[in-house]
Amino acid sequence: MTSPSTACSVTSDMHDKNSRLITKHKPELLAPAGDFASLEAALQSGCDAVYFGLDTLNMRRGAANFRMSDLPEIHRRCRLGNASCYLTLNTVIYPGERETVCQILDGAQSLVDGVICHDLMVISACRQRNIPVHISTQASVSNPDAARLYAELGAVRVVAARECTLTELQTIGAESGLSLEVFVHGAMCVSVSGRCYISDLVCGKSGNRGECTQNCRREYLVTDIEDGHEFVVGNRYIMSAQDLCTLPFIDMLCDAGLDSFKIEGRGRNPEYVRTVVSAYRRAIDAWAANTLTQELKDSLQREVASVYNRGFCSGFFFGRPIGDFVDGSGSRATHKKEYVGLVTNYYRKAKVVEVDVRDRLFDTRTPLLVIGDTTGVVHTTPVEIRQDDRPVARAARGIVTFPINVRVRVGDKVYRLVKRDSEAKETRFQVLANRR
């Protein structure tokens, strides 16, 4: 496995070999959007672009996704936020679906800045409509020749295979002439991206159709055939990859001249999107301003660790250490959210919110999240709580009010943030029974 320090010298050599890599430019920060609340959270956090799917033919069928009728509103919000918007049509396409693809592209033609796809039928249909084509990572583009072939078919960008190292990515970008997009944060697939058939075999849900049931994330019962002893393989979750996090070496990726930094997470909640996008926004901006320090990178990594993650790894950027990144048993977020209630009013002049507290209680020291499709994600800690028009130290169930500087909206959901208790590590192999 190549170390980050070795990779630094490799990167430096590549800079000397190709002038494209010498020019310092800010990469695009590309954020996921699975619903309107996440879209708003991404835009509020400073992303340069968002990618999203409709309710069919995309690789995150389990996400909330959008409808065709949502396209004008997505386009409007992105333009207000000075962000590009990319539509994902990145599953394999079967013969009976051509009409559906064409209907989607006809409706999206003037409302998106590109389509992320890899099926040749979709590529052809995009070309006919002059829609920019971004080749999905599902195509597993891992060399310049493959990238150039897609360029001949009309592609303007390639989302490189996740299995590429940093040096290989630089080579693809330098020799293909295409814009190069790479994943910098989020879930990793233990198989070659999009090529796993476990879900289809076990559950009849194809990963190539965006229906993966994530069998790799589960515990497994191993049986000794000779004497019948059974073991739960749990603590290592041997097929469940840790999440990718590039904040510790984000400056190396920026220096490499890669064009777009993509955050995985169309199935994640809005506070995940807000936290992760905001962290990478600050990291990229600090790199551009020559103010990115180790202390800032450490701080930002702690922030992204507060939301859902399976533990972090460096992916394949410095080699292909398969055994090193497979240890992602479940969420290792340092904090979790608990439902409190709903916003029932917001007094704009007074900047006070009214909340119907229906579940867990909170006090003036409790961090809160307010989440809504238009509001996005708002963090706040009440400085004063009033109930029945009297100051209280702790909110009881019922209607309460407290000041909040950011506008929120009726129907927004309110959560409290609490720190997770540390959990004891599981025993690697647990003997359950002898069935003999």
# chains A, B, ... in the order shown; residues from 1 in each chain; ligands from 1
call {"tool": "select_by_dssp", "arguments": {"residues": "region 252-418 of chain A", "states": "strand (DSSP E)", "output": "number ranges by chain"}}
result
A: 260-263, 312-313, 335-347, 352-357, 368-372, 376-380, 385-387, 390-392, 398-403, 413-418
call {"tool": "write_last_selection", "arguments": {"atoms": "N, CA and C atoms", "output": "short mmCIF file (atom, residue, chain, number, x, y, z; two decimals), in the first residue's frame"}}
result
data_model
loop_
_atom_site.label_atom_id
_atom_site.label_comp_id
_atom_site.auth_asym_id
_atom_site.auth_seq_id
_atom_site.Cartn_x
_atom_site.Cartn_y
_atom_site.Cartn_z
N SER A 260 -13.84 17.65 -10.14
CA SER A 260 -15.07 17.66 -9.35
C SER A 260 -14.94 16.67 -8.20
N PHE A 261 -15.28 17.12 -6.99
CA PHE A 261 -15.25 16.29 -5.79
C PHE A 261 -16.68 15.91 -5.42
N LYS A 262 -16.97 14.63 -5.49
CA LYS A 262 -18.34 14.16 -5.32
C LYS A 262 -18.54 13.51 -3.95
N ILE A 263 -19.59 13.92 -3.27
CA ILE A 263 -19.96 13.34 -1.98
C ILE A 263 -21.09 12.35 -2.21
N PHE A 312 -13.93 5.39 9.01
CA PHE A 312 -13.37 6.03 7.82
C PHE A 312 -12.12 5.33 7.31
N CYS A 313 -11.94 5.42 6.00
CA CYS A 313 -10.74 4.90 5.36
C CYS A 313 -10.36 5.83 4.20
N HIS A 335 -22.86 11.49 17.29
CA HIS A 335 -24.13 12.06 17.75
C HIS A 335 -25.30 11.42 16.98
N LYS A 336 -26.47 11.48 17.57
CA LYS A 336 -27.67 11.02 16.89
C LYS A 336 -28.80 12.02 17.16
N LYS A 337 -29.81 12.03 16.28
CA LYS A 337 -30.92 12.95 16.47
C LYS A 337 -32.14 12.20 16.98
N GLU A 338 -32.91 12.87 17.85
CA GLU A 338 -34.12 12.29 18.42
C GLU A 338 -35.28 13.26 18.19
N TYR A 339 -36.39 12.72 17.76
CA TYR A 339 -37.54 13.55 17.38
C TYR A 339 -38.12 14.29 18.58
N VAL A 340 -38.38 15.59 18.41
CA VAL A 340 -38.97 16.43 19.45
C VAL A 340 -40.41 16.80 19.10
N GLY A 341 -40.62 17.38 17.91
CA GLY A 341 -41.96 17.81 17.55
C GLY A 341 -41.97 18.60 16.25
N LEU A 342 -43.02 19.41 16.05
CA LEU A 342 -43.20 20.15 14.81
C LEU A 342 -43.28 21.65 15.05
N VAL A 343 -42.77 22.41 14.08
CA VAL A 343 -42.95 23.86 14.09
C VAL A 343 -44.40 24.18 13.76
N THR A 344 -45.04 24.96 14.62
CA THR A 344 -46.44 25.33 14.38
C THR A 344 -46.59 26.80 14.00
N ASN A 345 -45.52 27.60 14.22
CA ASN A 345 -45.58 29.00 13.81
C ASN A 345 -44.16 29.58 13.87
N TYR A 346 -43.96 30.63 13.09
CA TYR A 346 -42.70 31.37 13.18
C TYR A 346 -43.03 32.86 13.08
N TYR A 347 -42.64 33.60 14.10
CA TYR A 347 -42.91 35.03 14.17
C TYR A 347 -41.70 35.78 13.60
N VAL A 352 -38.98 34.41 16.54
CA VAL A 352 -39.31 33.42 17.56
C VAL A 352 -40.06 32.27 16.89
N VAL A 353 -39.73 31.04 17.27
CA VAL A 353 -40.39 29.88 16.71
C VAL A 353 -41.32 29.27 17.76
N GLU A 354 -42.44 28.75 17.28
CA GLU A 354 -43.38 28.03 18.15
C GLU A 354 -43.32 26.56 17.76
N VAL A 355 -43.15 25.71 18.75
CA VAL A 355 -42.98 24.28 18.51
C VAL A 355 -43.97 23.48 19.35
N ASP A 356 -44.62 22.53 18.72
CA ASP A 356 -45.47 21.58 19.43
C ASP A 356 -44.59 20.39 19.83
N VAL A 357 -44.21 20.35 21.11
CA VAL A 357 -43.32 19.29 21.61
C VAL A 357 -44.15 18.03 21.84
N LEU A 368 -30.39 21.69 18.96
CA LEU A 368 -31.56 21.27 18.21
C LEU A 368 -31.32 21.38 16.71
N LEU A 369 -32.03 20.58 15.96
CA LEU A 369 -32.05 20.67 14.50
C LEU A 369 -33.49 20.94 14.06
N VAL A 370 -33.66 21.88 13.13
CA VAL A 370 -34.95 22.10 12.49
C VAL A 370 -34.78 21.76 11.02
N ILE A 371 -35.59 20.84 10.50
CA ILE A 371 -35.40 20.31 9.15
C ILE A 371 -36.71 20.42 8.37
N GLY A 372 -36.61 20.96 7.16
CA GLY A 372 -37.78 21.05 6.29
C GLY A 372 -37.39 21.16 4.84
N GLY A 376 -34.37 23.50 4.81
CA GLY A 376 -33.09 22.78 4.81
C GLY A 376 -32.81 22.28 6.22
N VAL A 377 -31.62 22.58 6.73
CA VAL A 377 -31.23 22.16 8.08
C VAL A 377 -30.73 23.37 8.85
N VAL A 378 -31.33 23.62 10.00
CA VAL A 378 -30.92 24.74 10.85
C VAL A 378 -30.50 24.20 12.20
N HIS A 379 -29.28 24.54 12.63
CA HIS A 379 -28.80 24.20 13.97
C HIS A 379 -29.08 25.36 14.91
N THR A 380 -29.55 25.05 16.11
CA THR A 380 -29.76 26.11 17.10
C THR A 380 -29.71 25.51 18.50
N ILE A 385 -36.49 29.48 26.82
CA ILE A 385 -37.68 28.71 26.44
C ILE A 385 -38.87 29.25 27.24
N ARG A 386 -39.98 29.47 26.54
CA ARG A 386 -41.18 29.95 27.20
C ARG A 386 -42.33 28.97 26.94
N GLN A 387 -43.11 28.73 27.99
CA GLN A 387 -44.27 27.85 27.89
C GLN A 387 -45.39 28.45 28.74
N ARG A 390 -44.53 31.79 30.14
CA ARG A 390 -43.62 31.93 31.27
C ARG A 390 -42.29 31.28 30.92
N PRO A 391 -41.16 31.89 31.35
CA PRO A 391 -39.85 31.25 31.12
C PRO A 391 -39.77 29.92 31.88
N VAL A 392 -39.25 28.90 31.20
CA VAL A 392 -39.06 27.60 31.84
C VAL A 392 -37.64 27.12 31.57
N GLY A 398 -46.21 19.92 24.73
CA GLY A 398 -47.16 20.98 24.46
C GLY A 398 -46.49 22.09 23.65
N ILE A 399 -47.08 23.26 23.62
CA ILE A 399 -46.57 24.36 22.82
C ILE A 399 -45.52 25.14 23.60
N VAL A 400 -44.34 25.33 22.99
CA VAL A 400 -43.28 26.15 23.56
C VAL A 400 -42.79 27.12 22.50
N THR A 401 -42.14 28.18 22.95
CA THR A 401 -41.52 29.13 22.03
C THR A 401 -40.10 29.41 22.47
N PHE A 402 -39.24 29.73 21.50
CA PHE A 402 -37.88 30.16 21.81
C PHE A 402 -37.33 30.95 20.63
N PRO A 403 -36.36 31.83 20.87
CA PRO A 403 -35.80 32.65 19.78
C PRO A 403 -34.98 31.81 18.81
N LYS A 413 -39.75 19.73 10.97
CA LYS A 413 -39.56 18.81 12.09
C LYS A 413 -38.40 19.28 12.97
N VAL A 414 -38.56 19.11 14.27
CA VAL A 414 -37.56 19.53 15.25
C VAL A 414 -36.99 18.28 15.93
N TYR A 415 -35.66 18.23 16.02
CA TYR A 415 -34.98 17.12 16.68
C TYR A 415 -34.00 17.66 17.70
N ARG A 416 -33.69 16.87 18.69
CA ARG A 416 -32.59 17.22 19.59
C ARG A 416 -31.39 16.35 19.23
N LEU A 417 -30.19 16.89 19.41
CA LEU A 417 -28.95 16.16 19.15
C LEU A 417 -28.37 15.66 20.46
N VAL A 418 -28.10 14.37 20.54
CA VAL A 418 -27.52 13.80 21.75
C VAL A 418 -26.29 13.00 21.38
#
call {"tool": "residues_around", "arguments": {"residues": "Leu296 (chain A)", "least_positions_apart": "2", "cutoff": "12 Å", "atoms": "only C-alpha atoms", "output": "list of chain:residue names"}}
result
A:Leu247, A:Pro248, A:Phe249, A:Ile250, A:Asp251, A:Ala279, A:Tyr280, A:Arg282, A:Ala283, A:Ile284, A:Asp285, A:Ala286, A:Trp287, A:Thr291, A:Leu292, A:Thr293, A:Gln294, A:Asp298, A:Ser299, A:Leu300, A:Gln301, A:Arg302, A:Glu303
call {"tool": "closest_residue", "arguments": {"among": "A:Tyr308, A:Leu169, A:Ala396, A:Leu221", "to": "Leu253 (chain A)", "atoms": "only C-alpha atoms"}}
result
A:Leu169
call {"tool": "residues_around", "arguments": {"residues": "Met188 (chain A)", "least_positions_apart": "5", "cutoff": "7 Å", "atoms": "only C-alpha atoms", "output": "list in words"}}
result
Ala241, Gln242, Asp243 and Leu244 of chain A
